[in-house]
Structures are given as C-alpha cells and as structure tokens.
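Pasted below: final30.txt, compact mmCIF, C-alpha atoms.
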```txt
# COMPACT_ATOMS: atom_id res chain seq x y z
CA HIS A 30 182.14 19.13 153.27
CA ARG A 31 182.02 21.87 150.61
CA ALA A 32 182.54 19.30 147.87
CA GLN A 33 179.74 17.16 149.23
CA ASN A 34 177.37 20.13 149.23
CA THR A 35 178.33 20.99 145.66
CA LEU A 36 177.69 17.43 144.53
CA ARG A 37 174.37 17.37 146.39
CA ASP A 38 173.32 20.61 144.68
CA LYS A 39 174.22 19.22 141.26
CA ILE A 40 172.23 16.05 141.90
CA SER A 41 169.26 18.08 143.11
CA ALA A 42 169.40 20.35 140.04
CA GLU A 43 169.54 17.37 137.71
CA ARG A 44 166.58 15.80 139.49
CA ASP A 45 164.63 19.04 139.05
CA ARG A 46 165.60 19.18 135.38
CA GLN A 47 164.40 15.61 134.83
CA SER A 48 161.14 16.41 136.60
CA ILE A 49 160.49 19.45 134.41
CA THR A 50 161.39 17.75 131.15
CA GLY A 51 159.18 14.87 132.22
CA ILE A 52 156.25 17.29 132.38
CA PHE A 53 157.03 19.33 129.29
CA GLY A 54 158.83 16.74 127.19
CA ARG A 55 161.64 17.90 124.91
CA PHE A 56 159.71 20.93 123.71
CA VAL A 57 160.99 23.46 126.26
CA PRO A 58 163.82 25.91 125.49
CA GLU A 59 166.82 25.58 127.79
CA PRO A 60 166.36 29.06 129.33
CA ILE A 61 162.81 28.15 130.35
CA VAL A 62 163.96 24.90 131.95
CA ASP A 63 166.60 26.81 133.90
CA ALA A 64 164.07 29.39 135.04
CA LEU A 65 161.62 26.70 136.15
CA ILE A 66 164.35 25.00 138.14
CA ALA A 67 165.14 28.31 139.81
CA ASP A 68 161.49 28.88 140.74
CA GLN A 69 159.44 25.74 141.12
CA GLY A 70 156.49 27.92 142.14
CA LEU A 71 155.81 28.58 138.46
CA LEU A 72 154.62 25.01 138.16
CA GLU A 73 151.85 25.69 140.65
CA PRO A 74 148.36 26.45 139.27
CA ILE A 75 148.11 30.08 138.17
CA GLU A 76 145.56 32.39 136.59
CA ARG A 77 147.07 34.77 134.08
CA GLU A 78 146.45 36.48 130.78
CA ALA A 79 147.96 34.47 127.94
CA THR A 80 147.81 34.05 124.19
CA ILE A 81 146.78 30.69 122.79
CA LEU A 82 147.52 29.41 119.29
CA PHE A 83 145.75 26.45 117.70
CA THR A 84 146.77 24.98 114.38
CA ASP A 85 145.89 21.90 112.37
CA ILE A 86 146.56 20.43 108.95
CA VAL A 87 144.11 21.08 106.13
CA GLY A 88 142.55 17.87 104.78
CA PHE A 89 144.30 15.65 107.31
CA THR A 90 141.67 12.89 107.21
CA SER A 91 141.90 12.46 103.46
CA LEU A 92 145.68 12.62 103.70
CA THR A 93 145.78 9.70 106.14
CA GLU A 94 143.44 7.66 103.94
CA ARG A 95 145.62 8.30 100.90
CA LEU A 96 149.02 7.71 102.49
CA GLY A 97 148.40 5.09 105.16
CA PRO A 98 149.53 5.02 108.80
CA LYS A 99 153.32 4.78 108.48
CA LYS A 100 153.69 7.63 105.99
CA THR A 101 151.22 9.74 107.98
CA VAL A 102 153.25 9.30 111.17
CA ASP A 103 156.44 10.22 109.32
CA ILE A 104 154.81 13.41 108.06
CA LEU A 105 153.47 14.31 111.50
CA ASN A 106 156.84 13.76 113.16
CA SER A 107 158.54 16.01 110.63
CA TYR A 108 155.81 18.62 110.86
CA PHE A 109 155.62 18.64 114.67
CA ASP A 110 159.38 18.90 114.96
CA LYS A 111 159.60 21.97 112.74
CA MET A 112 156.52 23.70 114.16
CA THR A 113 157.66 23.11 117.73
CA GLY A 114 160.99 24.69 116.92
CA ILE A 115 159.21 27.84 115.77
CA VAL A 116 157.09 27.97 118.94
CA THR A 117 160.08 27.63 121.25
CA GLU A 118 162.03 30.28 119.33
CA HIS A 119 159.30 32.72 120.38
CA ASN A 120 159.26 31.67 124.04
CA GLY A 121 156.09 29.62 123.69
CA ILE A 122 155.26 26.20 125.03
CA VAL A 123 153.64 23.38 123.08
CA ALA A 124 150.98 22.33 125.57
CA ASN A 125 149.82 19.29 123.64
CA PHE A 126 149.35 17.53 120.33
CA HIS A 127 145.94 16.12 119.47
CA GLY A 128 145.83 14.20 116.23
CA ASP A 129 147.29 16.67 113.77
CA ALA A 130 146.53 19.69 115.97
CA ILE A 131 148.99 21.72 118.02
CA MET A 132 148.09 23.94 120.97
CA ALA A 133 150.79 26.45 121.90
CA ILE A 134 150.64 28.91 124.79
CA PHE A 135 152.48 32.16 125.40
CA ASN A 136 152.96 33.89 128.79
CA VAL A 137 152.58 30.74 130.87
CA PRO A 138 154.31 29.28 132.73
CA LEU A 139 156.85 32.08 132.31
CA GLU A 140 155.76 35.68 131.96
CA ASN A 141 156.24 37.21 128.52
CA GLU A 142 155.11 40.81 128.19
CA ASN A 143 154.86 40.61 124.40
CA HIS A 144 153.01 37.29 124.31
CA ALA A 145 150.48 38.40 121.68
CA GLU A 146 153.21 39.56 119.32
CA HIS A 147 155.20 36.36 119.86
CA ALA A 148 152.15 34.26 119.05
CA LEU A 149 151.48 36.21 115.84
CA ARG A 150 155.12 35.97 114.73
CA THR A 151 154.94 32.23 115.43
CA ALA A 152 151.86 31.87 113.23
CA GLU A 153 153.44 33.86 110.40
CA GLU A 154 156.58 31.75 110.49
CA MET A 155 154.55 28.52 110.61
CA LEU A 156 152.61 29.55 107.51
CA ALA A 157 155.77 30.60 105.70
CA ARG A 158 157.50 27.33 106.59
CA VAL A 159 154.75 25.04 105.32
CA SER A 160 154.53 27.00 102.08
CA ASN A 161 158.24 26.59 101.38
CA ILE A 162 159.10 23.03 102.35
CA SER A 163 157.66 19.53 102.31
CA PHE A 164 157.32 17.18 105.26
CA SER A 165 158.63 13.69 104.63
CA GLY A 166 158.14 14.45 100.95
CA GLU A 167 154.56 15.70 101.29
CA GLU A 168 153.35 19.28 100.87
CA ILE A 169 150.69 20.39 103.34
CA SER A 170 148.65 23.45 104.32
CA ILE A 171 147.60 24.54 107.80
CA ARG A 172 145.02 26.75 109.50
CA ILE A 173 145.67 28.79 112.65
CA GLY A 174 143.50 30.50 115.27
CA ILE A 175 144.87 32.90 117.90
CA ASN A 176 143.20 34.47 120.92
CA SER A 177 144.29 36.22 124.11
CA GLY A 178 142.60 36.22 127.49
CA SER A 179 142.60 34.95 131.03
CA VAL A 180 143.48 31.29 131.49
CA ILE A 181 144.03 28.86 134.33
CA ALA A 182 147.27 26.94 133.87
CA GLY A 183 148.77 24.05 135.78
CA ASN A 184 149.74 20.41 135.90
CA VAL A 185 146.94 17.87 135.51
CA GLY A 186 146.96 14.12 135.21
CA GLY A 187 146.72 10.84 137.03
CA GLY A 188 148.24 7.42 137.24
CA GLY A 189 151.71 8.90 137.57
CA ARG A 190 151.42 10.99 134.39
CA GLN A 191 151.07 14.76 134.29
CA SER A 192 150.98 17.44 131.64
CA TYR A 193 150.97 21.22 131.76
CA THR A 194 147.92 22.72 130.13
CA VAL A 195 145.55 25.69 130.15
CA TYR A 196 141.79 26.06 130.54
CA GLY A 197 139.22 28.80 130.08
CA ASP A 198 137.00 30.59 127.60
CA ALA A 199 140.06 32.16 125.97
CA VAL A 200 141.35 28.70 125.08
CA ASN A 201 138.00 27.61 123.67
CA LEU A 202 137.78 30.74 121.54
CA ALA A 203 141.23 30.17 120.03
CA ALA A 204 140.15 26.67 119.01
CA ARG A 205 136.91 27.99 117.50
CA LEU A 206 138.79 30.60 115.50
CA GLU A 207 140.94 27.86 113.99
CA ALA A 208 137.77 26.00 112.98
CA LEU A 209 136.19 29.23 111.70
CA ALA A 210 139.20 29.80 109.44
CA LYS A 211 138.01 26.80 107.44
CA GLU A 212 134.57 28.35 106.94
CA LYS A 213 136.15 31.67 105.94
CA GLY A 214 138.60 30.02 103.57
CA VAL A 215 141.63 31.66 105.20
CA SER A 216 144.79 30.36 106.83
CA LEU A 217 144.83 32.61 109.89
CA LEU A 218 142.23 34.22 112.14
CA VAL A 219 143.13 36.41 115.11
CA SER A 220 140.66 37.75 117.65
CA GLU A 221 140.21 41.41 118.50
CA HIS A 222 141.46 40.57 122.02
CA THR A 223 144.87 39.68 120.60
CA VAL A 224 144.98 42.53 118.06
CA GLU A 225 144.39 45.06 120.86
CA LYS A 226 147.67 43.94 122.42
CA LEU A 227 149.77 44.22 119.28
CA GLY A 228 151.93 47.28 118.83
CA SER A 229 151.90 46.94 115.05
CA HIS A 230 150.67 44.35 112.59
CA ASN A 231 149.70 43.70 108.99
CA LEU A 232 146.34 42.15 109.78
CA ILE A 233 143.09 43.39 108.31
CA SER A 234 139.58 43.12 109.68
CA LYS A 235 137.50 40.23 108.38
CA GLY A 236 134.38 41.66 109.95
CA GLN A 237 132.43 40.52 112.96
CA THR A 238 131.17 37.07 113.72
CA THR A 239 129.04 35.44 116.38
CA VAL A 240 130.99 32.77 118.19
CA ARG A 241 129.33 30.16 120.36
CA GLY A 242 129.97 30.94 124.01
CA GLN A 243 130.50 34.67 123.41
CA SER A 244 127.85 37.16 124.56
CA LYS A 245 128.48 39.65 121.75
CA PRO A 246 129.83 39.63 118.18
CA LEU A 247 133.59 39.37 117.89
CA GLU A 248 135.75 41.21 115.39
CA ILE A 249 138.21 38.92 113.70
CA PHE A 250 141.36 39.68 111.73
CA GLY A 251 143.40 37.87 109.10
CA GLU A 252 146.24 38.29 106.69
CA ALA A 253 146.10 41.15 104.20
```

Let me see the structure of the file written as structure tokens.
Amino acid sequence: HRAQNTLRDKISAERDRQSITGIFGRFVPEPIVDALIADQGLLEPIEREATILFTDIVGFTSLTERLGPKKTVDILNSYFDKMTGIVTEHNGIVANFHGDAIMAIFNVPLENENHAEHALRTAEEMLARVSNISFSGEEISIRIGINSGSVIAGNVGGGGRQSYTVYGDAVNLAARLEALAKEKGVSLLVSEHTVEKLGSHNLISKGQTTVRGQSKPLEIFGEA
C-alpha cells in the first residue's frame, strides 16, 4: 500500500511538472518549477509589484531583409537561447517572444524581494553578452527598457493553449522605455520607479520625459 502511494505521488508530481513546463516552456529554472509544483496557487491570477524588462534587436527589419528567413531564424534561436539563460540565472521568467522582442518579468509568479536589482543585472549582462559574441556568425546590438510597478499576472489563452503573462500600465511603460531608447540613442533606459528600488547602481539621470499614458513627466536613467 505504501509503495502504491509513493508511485501515485511520483506520477502526480510528474503530471504537475508537465503541466507547468507546458505553460512556461523550457525557460523556467528547475527551482521555480519545483516551487510551482509545491504551490499550484501561484499559477492563479495575482496582482503584485514586479519589474518588467523589454528588449529588442537594433535594425532587425533590415537584418532580415539582408540575411533572409533561414539565417534570421538561426540568429534568433541563438540569441533567444543565450538571453533566456541570463534571465533565468536572475530568477526571471521569459513571458513571451514577439518577433525579435523579449519580455521578461521579475517577482511573478514567485516572489523576489530584489526584483529590480535582478532585472538591472540581467540587462547589464545582456548588453555585455551581445557586445562580446556573435549569434550564428552575426554581430547584433540591442535596446532595453525596464520599469517597476503593479501588474496583474496569470494564465491566459484559449483553444487548449495557455501562456503566463502580465498586464498593466507598468508593462506598457517598460515597452515605451525600450522604444524611447531608440530616440535617445542609448542601449538602456530605466524608469525612476525601478531606480527607487535599487540599493546601489551606476545609472545616471537622462532627464525627464513625457510618456504617453503618464500623468506627469518621468525621470529616466541610463548607463554612465
């Protein structure tokens, strides 16, 4: 009877593991998978403060036109693989890929007290990585936007497919900062909301800017 219960528990745990990896794909660190199995409640919709990181490849459209579809896919696969590894090393989750863009989230679904710092370290390592190596033989540059704030997170989908994602003004602002980095000619922009949560950093103020959807000017920060 004890052996049967043990086997049943193992089968149940494996079923839970398959369910979680089905939602998050292969981009979840093993400790997070184990924690989610232990507490399925974390997959329920939640509202929590989080830090969101958006990044995309500079000049991606012209790159695809120059290299063609097969080479472009090879580059993206290499790039996504390396960037995802950096995100997971800092307890983040890659919520989705959209074209050449990556959206990573920190502090959901698992709580991470230092989520702002982890997001910034992730961005710094991403920028260092792309400056030092090529991806499928091609050198690229990226831009990153980071913001912290309240988000709603949970599983969404239909037709038997689900994905874990986040919504809210904080998410929109992170995406806008990534786009604003192009206008500013910089690789990284971080909002004042994130900087306020950092214990120490090497960022410098890039002044204030008016961002669509924000009621007052926002101070933004970048690399020194």

Residue among A:Leu232, A:Leu105, A:Ile249, A:Leu139 lying closest to Ser165 in chain A, counting all atoms listed in the file: A:Leu105

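Here the question is which of A:Thr101, A:Asn231, A:Ser163, A:Asn136 gets nearest to Val180 in chain A using all atoms listed in the file, and that residue is A:Asn136.
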
Got a sec: who's within 8 Å of Val159 in chain A, counting all atoms listed in the file, leaving out chain neighbours fewer than 3 positions off, as a list in words? Met155, Leu156, Ile162, Ser163, Glu168, Ile169, Ser170 and Ile171 of chain A

For the point (152.5, 23.9, 123.6) in file coordinates, what residues are within 9 Å, counting only C-alpha atoms? Give the answer as a ChimeraX atom specification? /A:53,56-57,81-82,113,116-117,121-126,131-135,193-194

Could you check which residues have any atom within 6 Å of (159.3, 16.3, 109.3), counting all atoms listed in the file with coordinates taken straight from the file, and then list them as a ChimeraX atom specification? /A:104,106-108,164-165

All residues 12 Å or closer to Ala208 in chain A, all atoms listed in the file, same chain fewer than 6 positions away omitted, as an MDAnalysis selection string: chainID A and resid 83:87 130 171:175 201:202 214:219 240:241

Mind rebuilding range 200-211 of chain A with all heavy atoms and writing that out as a PDB file, keeping the file's coordinate frame?
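See selection09.pdb below for the written result:
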```
ATOM      1  N   VAL A 200     140.830  29.873 125.776  1.00  0.00           N
ATOM      2  CA  VAL A 200     141.350  28.700 125.080  1.00  0.00           C
ATOM      3  C   VAL A 200     140.317  28.181 124.081  1.00  0.00           C
ATOM      4  O   VAL A 200     140.631  27.877 122.921  1.00  0.00           O
ATOM      5  CB  VAL A 200     141.720  27.594 126.077  1.00  0.00           C
ATOM      6  CG1 VAL A 200     142.274  26.366 125.353  1.00  0.00           C
ATOM      7  CG2 VAL A 200     142.734  28.109 127.102  1.00  0.00           C
ATOM      8  N   ASN A 201     139.082  28.094 124.546  1.00  0.00           N
ATOM      9  CA  ASN A 201     138.000  27.610 123.670  1.00  0.00           C
ATOM     10  C   ASN A 201     137.832  28.505 122.446  1.00  0.00           C
ATOM     11  O   ASN A 201     137.603  28.015 121.330  1.00  0.00           O
ATOM     12  CB  ASN A 201     136.686  27.542 124.454  1.00  0.00           C
ATOM     13  CG  ASN A 201     136.761  26.586 125.629  1.00  0.00           C
ATOM     14  OD1 ASN A 201     137.552  25.639 125.618  1.00  0.00           O
ATOM     15  ND2 ASN A 201     135.948  26.833 126.638  1.00  0.00           N
ATOM     16  N   LEU A 202     137.949  29.814 122.653  1.00  0.00           N
ATOM     17  CA  LEU A 202     137.780  30.740 121.540  1.00  0.00           C
ATOM     18  C   LEU A 202     138.897  30.585 120.511  1.00  0.00           C
ATOM     19  O   LEU A 202     138.650  30.645 119.300  1.00  0.00           O
ATOM     20  CB  LEU A 202     137.726  32.179 122.055  1.00  0.00           C
ATOM     21  CG  LEU A 202     137.557  33.269 120.987  1.00  0.00           C
ATOM     22  CD1 LEU A 202     136.347  32.992 120.100  1.00  0.00           C
ATOM     23  CD2 LEU A 202     137.421  34.645 121.648  1.00  0.00           C
ATOM     24  N   ALA A 203     140.116  30.379 120.969  1.00  0.00           N
ATOM     25  CA  ALA A 203     141.230  30.170 120.030  1.00  0.00           C
ATOM     26  C   ALA A 203     140.967  28.944 119.163  1.00  0.00           C
ATOM     27  O   ALA A 203     141.196  28.968 117.946  1.00  0.00           O
ATOM     28  CB  ALA A 203     142.542  30.005 120.798  1.00  0.00           C
ATOM     29  N   ALA A 204     140.461  27.881 119.767  1.00  0.00           N
ATOM     30  CA  ALA A 204     140.150  26.670 119.010  1.00  0.00           C
ATOM     31  C   ALA A 204     139.029  26.918 118.009  1.00  0.00           C
ATOM     32  O   ALA A 204     139.059  26.416 116.879  1.00  0.00           O
ATOM     33  CB  ALA A 204     139.773  25.544 119.976  1.00  0.00           C
ATOM     34  N   ARG A 205     138.031  27.707 118.402  1.00  0.00           N
ATOM     35  CA  ARG A 205     136.910  27.990 117.500  1.00  0.00           C
ATOM     36  C   ARG A 205     137.347  28.880 116.334  1.00  0.00           C
ATOM     37  O   ARG A 205     136.822  28.761 115.224  1.00  0.00           O
ATOM     38  CB  ARG A 205     135.781  28.643 118.293  1.00  0.00           C
ATOM     39  CG  ARG A 205     135.060  27.636 119.195  1.00  0.00           C
ATOM     40  CD  ARG A 205     134.111  28.285 120.159  1.00  0.00           C
ATOM     41  NE  ARG A 205     133.575  27.293 121.097  1.00  0.00           N
ATOM     42  CZ  ARG A 205     133.183  27.558 122.325  1.00  0.00           C
ATOM     43  NH1 ARG A 205     133.257  28.810 122.781  1.00  0.00           N
ATOM     44  NH2 ARG A 205     132.710  26.615 123.113  1.00  0.00           N
ATOM     45  N   LEU A 206     138.288  29.764 116.582  1.00  0.00           N
ATOM     46  CA  LEU A 206     138.790  30.600 115.500  1.00  0.00           C
ATOM     47  C   LEU A 206     139.533  29.748 114.461  1.00  0.00           C
ATOM     48  O   LEU A 206     139.436  30.002 113.251  1.00  0.00           O
ATOM     49  CB  LEU A 206     139.724  31.682 116.045  1.00  0.00           C
ATOM     50  CG  LEU A 206     139.046  32.825 116.810  1.00  0.00           C
ATOM     51  CD1 LEU A 206     140.094  33.786 117.355  1.00  0.00           C
ATOM     52  CD2 LEU A 206     138.045  33.561 115.932  1.00  0.00           C
ATOM     53  N   GLU A 207     140.249  28.760 114.929  1.00  0.00           N
ATOM     54  CA  GLU A 207     140.940  27.860 113.990  1.00  0.00           C
ATOM     55  C   GLU A 207     139.915  27.138 113.119  1.00  0.00           C
ATOM     56  O   GLU A 207     140.093  27.009 111.899  1.00  0.00           O
ATOM     57  CB  GLU A 207     141.811  26.874 114.766  1.00  0.00           C
ATOM     58  CG  GLU A 207     142.657  25.964 113.895  1.00  0.00           C
ATOM     59  CD  GLU A 207     141.882  24.767 113.395  1.00  0.00           C
ATOM     60  OE1 GLU A 207     141.129  24.160 114.191  1.00  0.00           O
ATOM     61  OE2 GLU A 207     142.006  24.442 112.197  1.00  0.00           O
ATOM     62  N   ALA A 208     138.825  26.675 113.745  1.00  0.00           N
ATOM     63  CA  ALA A 208     137.770  26.000 112.980  1.00  0.00           C
ATOM     64  C   ALA A 208     137.064  26.977 112.052  1.00  0.00           C
ATOM     65  O   ALA A 208     136.706  26.631 110.913  1.00  0.00           O
ATOM     66  CB  ALA A 208     136.778  25.354 113.948  1.00  0.00           C
ATOM     67  N   LEU A 209     136.868  28.217 112.501  1.00  0.00           N
ATOM     68  CA  LEU A 209     136.190  29.230 111.700  1.00  0.00           C
ATOM     69  C   LEU A 209     137.018  29.611 110.467  1.00  0.00           C
ATOM     70  O   LEU A 209     136.463  29.990 109.430  1.00  0.00           O
ATOM     71  CB  LEU A 209     135.923  30.476 112.550  1.00  0.00           C
ATOM     72  CG  LEU A 209     135.113  31.602 111.906  1.00  0.00           C
ATOM     73  CD1 LEU A 209     133.716  31.113 111.517  1.00  0.00           C
ATOM     74  CD2 LEU A 209     135.004  32.789 112.881  1.00  0.00           C
ATOM     75  N   ALA A 210     138.332  29.495 110.574  1.00  0.00           N
ATOM     76  CA  ALA A 210     139.200  29.800 109.440  1.00  0.00           C
ATOM     77  C   ALA A 210     138.848  28.921 108.248  1.00  0.00           C
ATOM     78  O   ALA A 210     138.938  29.353 107.095  1.00  0.00           O
ATOM     79  CB  ALA A 210     140.667  29.625 109.827  1.00  0.00           C
ATOM     80  N   LYS A 211     138.425  27.691 108.525  1.00  0.00           N
ATOM     81  CA  LYS A 211     138.010  26.800 107.440  1.00  0.00           C
ATOM     82  C   LYS A 211     136.773  27.339 106.743  1.00  0.00           C
ATOM     83  O   LYS A 211     136.699  27.359 105.505  1.00  0.00           O
ATOM     84  CB  LYS A 211     137.737  25.398 107.994  1.00  0.00           C
ATOM     85  CG  LYS A 211     137.274  24.396 106.951  1.00  0.00           C
ATOM     86  CD  LYS A 211     137.046  23.022 107.563  1.00  0.00           C
ATOM     87  CE  LYS A 211     136.609  22.019 106.500  1.00  0.00           C
ATOM     88  NZ  LYS A 211     136.391  20.668 107.083  1.00  0.00           N
TER      89      LYS A 211
END
```
